[in-house]
Amino acid sequence: MKINWRKLNNILHRDVGYFFVGMTIIYSLSGIALNHIDNWDPNYIIKNKSIAVDKGTLKAQMSKAEIDDLVKRLGIKKGIKNHYYPNPNILKIFLHGGTVTLDLNTGKGLLETVTRRRVFYEVNYLHYNHAKSLWTWFADIFAAGLILLAITGMFVLRGKNGLKRRGVWFVLAGILIPLVFLIMYL
Amino acid sequence: MKTYSILFLISLFVFSSCCNNNQKDEASSGEHTAAVVSPSDEAISVDVKELLANPGEYDGKLVAITGMVTHVCKHSGKRLHLMGKDEKSKVRVEAGEVGKFERELVGSDVVIKGVFHKEVIDEEYLAKWAEKLEGEGKGEHMSHEEMEEEQGKMARYREMMGETPDGKIENYWVDAVSFKAEKL
């Protein structure tokens, strides 16, 4: 049986392309987020706010009720998880979604709130392969699919827009750019 | 048409060669690591304070430790610090098979199951480390910055060793196998 390679190529490119639309968007979004990891936290929105209380209300060994009261006086609505003293002069209160750190000597401190970045947290979770097990296999299949898309993509068109004429220049440019960066920086 | 068929076949061949080579490398390097312990194995329940007071007794053993998470590594989530009931004893926990610790664990009470390790750092340890670094440097397996970082670590350990009566320091950590966050 004679195989129509061009037809097979185009079918593969079309169907694999459809199948991996979601994964391509997931990995691309996450790729942009992680690419700028030096400039921002890709997973969390972190806010810091200076706070102050009357130092007379602070002491070593505060009870849970006293901590509850302190957090209310600070106007914080987040629930309390735990608290402890990293050293005799510092009180640390762990909240659901943040931390309060207070200096017992001055009454001054910091409220840090931590919130997940919606969408980015989820796509990063998948891209970093934190799900492990079967996800690892699916991600590998996706990677193989991308290679297949790249190769089959070169042969979809014929004529003036095909690989032999217009296409070859784009392919070469796309290979040269990363090569230049490798030569310059590696 | 013939040209495209040949090019397509060549591309497929290159792709399959890549995959086969990767499989060969994995097999020959023997890097596939099976879990030494599993979460269902029986662990010794122990408090952080007891663990650090008698590290030799628990070295290499599967332990289950309850404590409060005081810190999770912000960048990778691969490490956390677990504090015992006395609020003074703390042990480092590496994510290991768990993969990653979520930042939301900070401040939570958790039960961590993992293998406890004790490492003695003395002159012999530093000498072996220096020898290994020299090898890495000559083989150019390490960048200049990485070499400096390692040498900086060695210098800090040496300083810490100088402050101990026997010139040795001990490093403890737990390689986590599983964990469970308890609700307050």
# chains A, B, ... in the order shown; residues from 1 in each chain; ligands from 1

$ closest_atom_pairs --of "chain A" --to "chain B" --cutoff "10 Å" --atoms "only C-alpha atoms" --output "JSON lines"
{"residue": "A:Asn4", "atom": "CA", "partner": "B:Ser5", "partner_atom": "CA", "distance": 9.3}
{"residue": "A:Trp5", "atom": "CA", "partner": "B:Ser5", "partner_atom": "CA", "distance": 6.5}
{"residue": "A:Arg6", "atom": "CA", "partner": "B:Ser5", "partner_atom": "CA", "distance": 7.7}
{"residue": "A:Asn9", "atom": "CA", "partner": "B:Phe8", "partner_atom": "CA", "distance": 8.5}
{"residue": "A:Ile37", "atom": "CA", "partner": "B:His75", "partner_atom": "CA", "distance": 9.4}
{"residue": "A:Asp41", "atom": "CA", "partner": "B:His75", "partner_atom": "CA", "distance": 8.5}
{"residue": "A:Asn43", "atom": "CA", "partner": "B:Arg103", "partner_atom": "CA", "distance": 9.8}
{"residue": "A:Tyr44", "atom": "CA", "partner": "B:Arg103", "partner_atom": "CA", "distance": 9.1}
{"residue": "A:Ile80", "atom": "CA", "partner": "B:Gly107", "partner_atom": "CA", "distance": 9.1}
{"residue": "A:Lys81", "atom": "CA", "partner": "B:Gly107", "partner_atom": "CA", "distance": 6.1}
{"residue": "A:Asn82", "atom": "CA", "partner": "B:Gly107", "partner_atom": "CA", "distance": 5.7}
{"residue": "A:His83", "atom": "CA", "partner": "B:Gly107", "partner_atom": "CA", "distance": 7.4}
{"residue": "A:Tyr84", "atom": "CA", "partner": "B:Glu87", "partner_atom": "CA", "distance": 7.1}
{"residue": "A:Tyr85", "atom": "CA", "partner": "B:Glu87", "partner_atom": "CA", "distance": 7.6}
{"residue": "A:Pro86", "atom": "CA", "partner": "B:Glu87", "partner_atom": "CA", "distance": 8.0}
{"residue": "A:Asn87", "atom": "CA", "partner": "B:Lys88", "partner_atom": "CA", "distance": 9.3}
{"residue": "A:Lys92", "atom": "CA", "partner": "B:Gly107", "partner_atom": "CA", "distance": 9.4}
{"residue": "A:Ile93", "atom": "CA", "partner": "B:Gly107", "partner_atom": "CA", "distance": 8.0}
{"residue": "A:Phe94", "atom": "CA", "partner": "B:Gly107", "partner_atom": "CA", "distance": 5.0}
{"residue": "A:Leu95", "atom": "CA", "partner": "B:Gly107", "partner_atom": "CA", "distance": 7.4}
{"residue": "A:His96", "atom": "CA", "partner": "B:Glu104", "partner_atom": "CA", "distance": 7.7}
{"residue": "A:Gly97", "atom": "CA", "partner": "B:Glu104", "partner_atom": "CA", "distance": 6.9}
{"residue": "A:Gly98", "atom": "CA", "partner": "B:Glu104", "partner_atom": "CA", "distance": 8.6}
{"residue": "A:Thr99", "atom": "CA", "partner": "B:Gly107", "partner_atom": "CA", "distance": 8.5}
{"residue": "A:Val114", "atom": "CA", "partner": "B:Glu104", "partner_atom": "CA", "distance": 8.4}
{"residue": "A:Thr115", "atom": "CA", "partner": "B:Glu104", "partner_atom": "CA", "distance": 9.1}
{"residue": "A:Arg116", "atom": "CA", "partner": "B:Glu104", "partner_atom": "CA", "distance": 9.4}
{"residue": "A:Asn129", "atom": "CA", "partner": "B:Gly99", "partner_atom": "CA", "distance": 9.1}
{"residue": "A:His130", "atom": "CA", "partner": "B:Gly99", "partner_atom": "CA", "distance": 6.5}
{"residue": "A:Ala131", "atom": "CA", "partner": "B:Gly99", "partner_atom": "CA", "distance": 8.7}
{"residue": "A:Lys132", "atom": "CA", "partner": "B:Gly99", "partner_atom": "CA", "distance": 8.3}
{"residue": "A:Ala144", "atom": "CA", "partner": "B:Phe15", "partner_atom": "CA", "distance": 8.7}
{"residue": "A:Ile147", "atom": "CA", "partner": "B:Phe15", "partner_atom": "CA", "distance": 7.9}
{"residue": "A:Leu148", "atom": "CA", "partner": "B:Leu12", "partner_atom": "CA", "distance": 8.4}
{"residue": "A:Ile151", "atom": "CA", "partner": "B:Ser11", "partner_atom": "CA", "distance": 6.8}
{"residue": "A:Thr152", "atom": "CA", "partner": "B:Phe8", "partner_atom": "CA", "distance": 7.7}
{"residue": "A:Met154", "atom": "CA", "partner": "B:Phe8", "partner_atom": "CA", "distance": 9.1}
{"residue": "A:Phe155", "atom": "CA", "partner": "B:Tyr4", "partner_atom": "CA", "distance": 7.0}
{"residue": "A:Arg158", "atom": "CA", "partner": "B:Met1", "partner_atom": "CA", "distance": 9.7}
{"residue": "A:Leu163", "atom": "CA", "partner": "B:Tyr4", "partner_atom": "CA", "distance": 9.3}
{"residue": "A:Lys164", "atom": "CA", "partner": "B:Tyr4", "partner_atom": "CA", "distance": 9.7}

$ select_by_dssp --residues "chain A" --states "helix (DSSP H, G or I)" --output "ChimeraX atom specification"
/A:5-19,21-35,55-57,64-73,120-127,133-154,159-161,163-185

$ atom_distance --atom1 "CA of Gly135 in chain B" --atom2 "CA of Arg158 in chain B"
20.6 Å

$ residues_around --residues "range 12-21 of chain A" --least-positions-apart "6" --cutoff "7 Å" --atoms "only C-alpha atoms" --output "MDAnalysis selection string"
chainID A and resid 145 149 152:153

$ select_by_dssp --residues "range 66-142 of chain A" --states "strand (DSSP E)" --output "VMD selection string"
chain A and resid 80 to 87 90 to 95 98 to 103 108 to 116

$ residues_around --residues "Ile169 in chain B" --least-positions-apart "2" --cutoff "8 Å" --atoms "only C-alpha atoms" --output "list in words"
Val120, Ile121, Asp122, Tyr157, Met160, Met161, Thr164, Gly167 and Asn171 of chain B

$ atom_distance --atom1 "CA of Glu102 in chain B" --atom2 "CA of Arg73 in chain A"
29.2 Å
